[in-house]
>>> print(open('target06.txt').read())   # compact mmCIF, C-alpha atoms
# COMPACT_ATOMS: atom_id res chain seq x y z
CA MET N 1 101.64 119.14 112.34
CA ALA N 2 105.43 119.02 112.01
CA ARG N 3 106.90 121.28 109.32
CA ALA N 4 110.15 121.58 107.43
CA PHE N 5 111.06 124.64 105.41
CA VAL N 6 112.85 124.10 102.11
CA PHE N 7 114.45 126.49 99.64
CA PRO N 8 114.55 126.25 95.83
CA GLY N 9 117.61 125.82 93.64
CA GLN N 10 118.67 127.07 90.26
CA GLY N 11 116.03 126.73 87.57
CA SER N 12 113.27 128.27 89.69
CA GLN N 13 114.32 131.84 88.84
CA ALA N 14 111.98 134.02 86.79
CA VAL N 15 111.85 137.71 86.00
CA GLY N 16 109.37 139.32 88.38
CA MET N 17 109.75 136.72 91.13
CA GLY N 18 108.99 138.23 94.51
CA ALA N 19 107.54 141.39 92.91
CA GLU N 20 104.15 141.15 94.63
CA LEU N 21 105.84 140.47 97.95
CA ALA N 22 108.16 143.48 97.57
CA ALA N 23 105.23 145.70 96.62
CA ALA N 24 103.20 144.60 99.65
CA PHE N 25 105.81 144.43 102.43
CA PRO N 26 108.57 146.95 103.26
CA ILE N 27 110.64 144.24 104.95
CA ALA N 28 110.76 142.29 101.67
CA ARG N 29 112.06 145.41 99.88
CA HIS N 30 114.59 145.94 102.66
CA THR N 31 115.87 142.37 102.29
CA LEU N 32 116.36 142.78 98.54
CA GLN N 33 118.15 146.08 99.17
CA GLU N 34 120.40 144.36 101.72
CA VAL N 35 121.50 141.91 99.03
CA ASP N 36 122.03 144.76 96.54
CA ASP N 37 124.25 146.52 99.05
CA ALA N 38 126.25 143.37 99.82
CA LEU N 39 126.97 142.80 96.13
CA SER N 40 127.27 146.46 95.08
CA GLN N 41 124.85 145.48 92.31
CA ARG N 42 121.25 146.38 91.54
CA LEU N 43 120.23 142.75 91.60
CA SER N 44 116.70 143.67 92.73
CA LYS N 45 116.21 145.65 89.49
CA LEU N 46 117.41 142.65 87.47
CA ILE N 47 115.01 140.39 89.39
CA ALA N 48 112.11 142.76 88.79
CA GLU N 49 112.75 143.78 85.20
CA GLY N 50 115.22 141.39 83.60
CA PRO N 51 116.51 140.90 81.01
CA GLU N 52 115.94 137.19 81.50
CA SER N 53 119.26 136.36 79.82
CA ASP N 54 121.13 138.23 82.59
CA LEU N 55 119.04 136.79 85.41
CA MET N 56 119.70 133.28 84.06
CA LEU N 57 123.46 133.73 84.48
CA THR N 58 124.53 131.46 87.31
CA GLU N 59 126.30 134.24 89.21
CA ASN N 60 123.06 136.27 89.23
CA ALA N 61 120.47 133.49 89.54
CA GLN N 62 121.99 132.03 92.71
CA PRO N 63 122.01 135.17 94.92
CA ALA N 64 118.70 136.29 93.35
CA LEU N 65 116.89 133.11 94.40
CA MET N 66 118.34 133.39 97.90
CA ALA N 67 117.24 137.04 98.16
CA VAL N 68 113.64 136.20 97.26
CA SER N 69 113.58 133.23 99.66
CA LEU N 70 114.92 135.34 102.53
CA ALA N 71 112.38 138.06 101.76
CA VAL N 72 109.62 135.47 102.23
CA VAL N 73 111.20 134.28 105.50
CA ARG N 74 111.31 137.78 106.92
CA VAL N 75 107.74 138.58 105.88
CA ILE N 76 106.50 135.41 107.59
CA GLU N 77 108.43 136.20 110.77
CA LYS N 78 107.25 139.82 110.90
CA GLU N 79 103.62 139.34 109.84
CA GLY N 80 103.22 136.21 111.96
CA ASN N 81 105.18 137.68 114.87
CA VAL N 82 107.03 134.37 115.10
CA ALA N 83 110.58 133.12 114.70
CA LEU N 84 111.05 130.48 112.02
CA ALA N 85 112.73 128.23 114.60
CA LYS N 86 109.45 128.07 116.55
CA ILE N 87 107.47 126.66 113.65
CA ALA N 88 109.96 124.43 111.79
CA ARG N 89 111.57 121.16 112.75
CA PHE N 90 114.13 121.21 109.91
CA VAL N 91 115.41 123.33 107.06
CA ALA N 92 116.93 122.13 103.78
CA GLY N 93 117.65 123.58 100.37
CA HIS N 94 118.27 122.20 96.90
CA SER N 95 121.88 122.98 95.93
CA LEU N 96 122.21 126.78 96.26
CA GLY N 97 119.02 126.60 98.36
CA GLU N 98 121.14 125.08 101.12
CA TYR N 99 122.73 128.51 101.55
CA SER N 100 119.25 130.09 101.74
CA ALA N 101 118.31 127.51 104.39
CA LEU N 102 121.40 128.33 106.44
CA ALA N 103 120.69 132.06 106.21
CA ALA N 104 117.06 131.48 107.24
CA ALA N 105 118.28 129.46 110.23
CA GLY N 106 120.72 132.18 111.29
CA ALA N 107 123.86 130.19 110.52
CA LEU N 108 124.98 132.61 107.80
CA ALA N 109 124.53 136.39 107.64
CA VAL N 110 122.47 137.47 104.63
CA ASP N 111 125.23 139.71 103.23
CA ASP N 112 127.78 136.90 103.55
CA THR N 113 125.35 134.49 101.89
CA ALA N 114 124.87 136.84 98.94
CA ARG N 115 128.61 137.23 98.42
CA LEU N 116 129.21 133.48 98.75
CA LEU N 117 126.55 132.67 96.17
CA LYS N 118 127.85 135.30 93.74
CA ARG N 119 131.30 133.74 94.04
CA ARG N 120 129.90 130.21 93.85
CA GLY N 121 127.89 130.98 90.73
CA ARG N 122 130.86 132.56 88.99
CA ALA N 123 133.20 129.72 89.99
CA MET N 124 130.76 127.05 88.80
CA GLN N 125 130.33 128.86 85.49
CA GLU N 126 134.09 129.22 84.97
CA ALA N 127 134.99 125.63 85.98
CA VAL N 128 134.10 124.19 82.57
CA PRO N 129 134.22 125.98 79.18
CA VAL N 130 130.77 126.64 77.75
CA GLY N 131 129.60 123.75 75.59
CA GLU N 132 131.93 121.14 77.10
CA GLY N 133 129.54 120.12 79.88
CA ALA N 134 125.86 119.18 80.04
CA MET N 135 123.16 117.79 82.31
CA ALA N 136 120.17 115.57 81.56
CA ALA N 137 117.18 114.36 83.54
CA LEU N 138 116.61 110.61 83.21
CA LEU N 139 112.89 110.05 83.72
CA GLY N 140 111.45 106.71 84.73
CA VAL N 141 114.60 105.24 86.30
CA ASP N 142 115.64 105.21 89.94
CA LEU N 143 119.04 106.00 91.37
CA ASP N 144 120.56 102.51 91.11
CA VAL N 145 119.77 102.28 87.40
CA ALA N 146 120.89 105.89 86.83
CA LYS N 147 124.24 105.01 88.41
CA GLU N 148 124.61 102.09 85.99
CA ILE N 149 123.77 104.32 83.05
CA ALA N 150 126.24 106.99 84.19
CA LYS N 151 129.03 104.47 84.71
CA GLU N 152 128.54 102.93 81.29
CA ALA N 153 128.27 106.34 79.59
CA ALA N 154 131.36 107.84 81.23
CA GLY N 155 134.10 105.92 79.45
CA ASP N 156 137.22 108.04 80.00
CA GLU N 157 135.08 111.14 80.60
CA VAL N 158 132.88 112.30 83.49
CA CYS N 159 129.23 111.29 83.87
CA ASP N 160 127.96 111.43 87.45
CA PRO N 161 124.52 111.28 89.08
CA ALA N 162 123.98 114.91 90.11
CA ASN N 163 120.48 115.12 91.61
CA ASP N 164 118.36 112.30 93.05
CA ASN N 165 115.22 114.42 92.99
CA ALA N 166 112.42 111.87 93.31
CA PRO N 167 111.59 108.30 92.35
CA GLY N 168 111.96 108.17 88.59
CA GLN N 169 113.73 111.52 88.31
CA VAL N 170 117.52 111.45 88.47
CA VAL N 171 119.76 114.04 86.82
CA VAL N 172 123.20 113.15 85.42
CA SER N 173 125.99 115.64 84.82
CA GLY N 174 129.36 115.64 83.07
CA HIS N 175 131.04 116.00 79.69
CA ALA N 176 128.50 116.82 76.97
CA THR N 177 129.46 113.79 74.88
CA ALA N 178 129.11 111.49 77.90
CA ILE N 179 125.67 112.93 78.66
CA ASP N 180 124.63 112.25 75.05
CA ARG N 181 125.76 108.64 75.54
CA ALA N 182 123.80 108.43 78.81
CA ILE N 183 120.63 109.52 77.02
CA GLU N 184 121.08 106.76 74.41
CA ILE N 185 121.96 104.12 77.03
CA GLY N 186 118.95 105.18 79.08
CA LYS N 187 116.65 104.08 76.26
CA THR N 188 117.90 100.52 76.71
CA LYS N 189 117.64 100.58 80.51
CA GLY N 190 114.06 101.66 81.01
CA ALA N 191 114.25 105.45 80.90
CA ARG N 192 110.84 106.66 79.80
CA ARG N 193 112.33 109.90 78.50
CA SER N 194 115.55 111.84 78.92
CA ILE N 195 115.68 115.62 78.78
CA LYS N 196 118.79 117.74 78.34
CA LEU N 197 118.60 120.60 80.81
CA PRO N 198 119.05 124.26 79.78
CA VAL N 199 122.04 124.86 82.07
CA SER N 200 125.27 126.72 81.42
CA ALA N 201 127.54 124.26 83.24
CA PRO N 202 127.56 120.64 84.48
CA PHE N 203 126.75 121.11 88.17
CA HIS N 204 127.31 118.53 90.94
CA CYS N 205 129.87 116.38 89.18
CA ALA N 206 133.64 115.87 89.29
CA LEU N 207 134.17 118.61 86.67
CA MET N 208 133.20 121.17 89.32
CA LYS N 209 136.37 120.50 91.35
CA PRO N 210 137.87 123.95 90.51
CA ALA N 211 134.69 125.57 91.87
CA ALA N 212 134.88 123.46 95.02
CA ASP N 213 138.42 124.76 95.59
CA VAL N 214 137.21 128.35 95.22
CA MET N 215 134.40 127.73 97.73
CA ALA N 216 136.76 126.10 100.22
CA GLU N 217 138.73 129.34 100.28
CA ALA N 218 135.63 131.55 100.43
CA LEU N 219 133.96 129.53 103.18
CA ALA N 220 137.16 129.40 105.26
CA ALA N 221 136.94 133.19 105.53
CA THR N 222 133.20 133.25 106.37
CA ALA N 223 131.67 133.04 109.85
CA ILE N 224 129.18 130.20 110.30
CA SER N 225 127.10 129.82 113.47
CA PRO N 226 125.15 126.78 114.67
CA PRO N 227 121.77 126.95 112.89
CA ALA N 228 118.73 127.70 115.06
CA ILE N 229 116.90 124.98 113.10
CA PRO N 230 118.61 121.67 112.24
CA LEU N 231 119.74 121.45 108.62
CA ILE N 232 119.32 118.32 106.49
CA ALA N 233 122.46 118.42 104.35
CA ASN N 234 122.43 117.76 100.59
CA VAL N 235 125.49 115.52 100.67
CA THR N 236 124.38 113.20 103.50
CA ALA N 237 120.57 113.56 103.70
CA ASP N 238 121.15 113.75 107.45
CA VAL N 239 121.10 116.39 110.17
CA VAL N 240 124.13 118.65 110.57
CA ALA N 241 124.54 121.44 113.13
CA ASP N 242 128.30 121.79 113.71
CA PRO N 243 129.65 124.87 111.84
CA ALA N 244 132.92 123.16 110.82
CA THR N 245 130.98 120.22 109.38
CA ILE N 246 128.55 122.55 107.60
CA ARG N 247 131.52 124.34 106.02
CA LYS N 248 132.99 120.99 104.89
CA PHE N 249 129.68 119.81 103.44
CA LEU N 250 129.15 123.08 101.52
CA VAL N 251 132.49 122.50 99.79
CA GLU N 252 131.69 118.84 99.05
CA GLN N 253 128.25 119.81 97.79
CA VAL N 254 129.73 121.51 94.71
CA THR N 255 130.85 118.18 93.21
CA ALA N 256 128.56 115.76 95.10
CA MET N 257 125.06 114.54 94.29
CA VAL N 258 122.11 116.37 95.82
CA ARG N 259 120.32 113.66 97.81
CA TRP N 260 116.91 115.35 97.76
CA ARG N 261 114.69 112.27 97.73
CA GLU N 262 116.50 110.86 100.75
CA SER N 263 116.37 114.26 102.48
CA ILE N 264 112.58 114.37 102.32
CA LEU N 265 112.36 110.77 103.53
CA ALA N 266 114.70 111.64 106.42
CA MET N 267 112.33 114.44 107.42
CA LYS N 268 109.35 112.09 107.23
CA ALA N 269 111.18 109.61 109.48
CA GLN N 270 111.32 112.44 112.04
CA ASP N 271 107.53 112.91 111.78
CA VAL N 272 107.51 115.83 109.34
CA ASP N 273 104.25 115.76 107.40
CA THR N 274 104.34 119.20 105.73
CA VAL N 275 107.16 120.62 103.63
CA VAL N 276 106.89 124.36 102.99
CA GLU N 277 108.86 125.77 100.05
CA LEU N 278 109.79 129.41 100.60
CA GLY N 279 110.68 131.54 97.59
CA ALA N 280 110.31 131.35 93.83
CA GLY N 281 108.40 128.58 92.09
CA LYS N 282 106.84 125.35 93.28
CA VAL N 283 109.35 122.70 92.15
CA LEU N 284 110.23 121.28 95.57
CA ALA N 285 106.63 121.38 96.81
CA GLY N 286 105.66 119.39 93.73
CA LEU N 287 108.35 116.77 94.29
CA CYS N 288 107.02 115.93 97.77
CA LYS N 289 104.01 114.00 96.50
CA ARG N 290 106.22 111.97 94.17
CA ILE N 291 108.67 111.16 96.96
CA ASP N 292 106.04 110.20 99.53
CA PRO N 293 102.27 110.77 99.15
CA GLU N 294 101.96 111.17 102.93
CA VAL N 295 104.14 114.30 102.88
CA SER N 296 102.31 117.38 101.67
CA GLY N 297 104.15 120.16 99.86
CA VAL N 298 103.13 123.82 100.08
CA ALA N 299 104.70 126.72 98.15
CA VAL N 300 104.81 130.16 99.77
CA GLY N 301 106.06 133.07 97.71
CA THR N 302 103.25 135.60 97.18
CA PRO N 303 101.33 137.79 99.66
CA ALA N 304 98.24 135.57 99.27
CA GLU N 305 100.30 132.45 99.94
CA VAL N 306 101.91 134.08 102.98
CA GLU N 307 98.49 134.98 104.38
CA ALA N 308 97.17 131.47 103.76
CA PHE N 309 100.23 129.95 105.44
CA LEU N 310 99.99 132.23 108.48
CA ARG N 311 96.43 131.07 109.02
CA THR N 312 97.79 127.53 109.56
CA LEU N 313 100.00 128.56 112.48
>>> encode(input="target06.txt", output="structure tokens")
Amino acid sequence: MARAFVFPGQGSQAVGMGAELAAAFPIARHTLQEVDDALSQRLSKLIAEGPESDLMLTENAQPALMAVSLAVVRVIEKEGNVALAKIARFVAGHSLGEYSALAAAGALAVDDTARLLKRRGRAMQEAVPVGEGAMAALLGVDLDVAKEIAKEAAGDEVCDPANDNAPGQVVVSGHATAIDRAIEIGKTKGARRSIKLPVSAPFHCALMKPAADVMAEALAATAISPPAIPLIANVTADVVADPATIRKFLVEQVTAMVRWRESILAMKAQDVDTVVELGAGKVLAGLCKRIDPEVSGVAVGTPAEVEAFLRTL
């Protein structure tokens, strides 16, 4: 069995995520406290108790998801008495999850990762006034058709493919009026259904350029080490290990499309047959079957799931 570990992105957050893990394992509580200390914020209380409206804020959701993912990583390493690098061939993460992956692989310190994601979330939120941007999932069309739809919908505005999640599931992002046009155009180009996403900003499109500039500055001042496990990067769907290149890709990632479908296929081409999602939710584990039926997806986020996973080692 060859495994890859993957880390969820925004949208997987939920009040109470990681609560069972924190109750069962001191190291999980310690990890959440480490993030609290780095941010000078009681983020762990917000994760545990809400309110949901505050947890949903991009600047809170991003470091919160990372904190829960890293808590799972540390529980697995401690309870299994094993380093992640010994049991994984690759790591990858969906959007903000790429930061979680880099922290899990030792390329970023956890406190630095928390501060970067807080800054990233705030910058992404502030890049576009609320209501001016939107995102929509085009269901039933593949990337080539989604690109055609986005190009036709853009006009003199922005409408970019933002996430190539799986066959038949591509997300577009840009000006709200352009996204509305994309939904209508999609009906004529084979989209089975199009769903506007409940997001506060249009992520992974050209409108995020101001946020990319903020992250270029933040990342320039942050130490990045070679990851102990090779990373499959969002922007290339290929392996990256050089810290300078990782830094460059993390900046590009803010405006570029997340090439998730290709990332999973790249892992499969390197003989990965099991993708293990560490953290909140089961979104990425669920996408595996749609991307390639021969790749199994497993979600690990609760004590029972940790125990079941450790039995496979």
>>> residues_around(input="target06.txt", residues="Val306 (chain N)", least_positions_apart="5", cutoff="9 Å", atoms="all atoms listed in the file", output="PyMOL selection string")
chain N and resi 72+75-76+79+300-301+311
>>> closest_residue(input="target06.txt", among="N:Gln10, N:Thr113, N:Ser225, N:Thr255", to="Ser173 (chain N)", atoms="all atoms listed in the file")
N:Thr255
>>> residues_around(input="target06.txt", residues="region 241-252 of chain N", least_positions_apart="6", cutoff="10 Å", atoms="all atoms listed in the file", output="PyMOL selection string")
chain N and resi 95-96+98-99+102+107-108+204+209+211-220+222-235
>>> closest_atom_pairs(input="target06.txt", of="region 133-212 of chain N", to="region 50-62 of chain N", cutoff="9 Å", atoms="all atoms listed in the file", output="tab-separated table")
residue	atom	partner	partner_atom	distance
N:Val199	CA	N:Thr58	CA	8.8
N:Ser200	CA	N:Thr58	CA	7.6
N:Ala201	CA	N:Thr58	CA	8.8
>>> closest_residue(input="target06.txt", among="N:Arg193, N:Arg74, N:Arg122, N:Arg29", to="Gly106 (chain N)", atoms="only C-alpha atoms")
N:Arg74
>>> closest_residue(input="target06.txt", among="N:Glu49, N:Asp37, N:Asp111, N:Glu77", to="Phe309 (chain N)", atoms="all atoms listed in the file")
N:Glu77
>>> axis_aligned_box(input="target06.txt", around="region 290-307 of chain N", padding_each_side="8 Å", output="JSON")
{"center_x": 103.5, "center_y": 124.0, "center_z": 99.3, "size_x": 26.4, "size_y": 43.6, "size_z": 26.2}
>>> closest_residue(input="target06.txt", among="N:Ala182, N:Leu284, N:Ala109, N:Cys205", to="Pro161 (chain N)", atoms="all atoms listed in the file")
N:Cys205
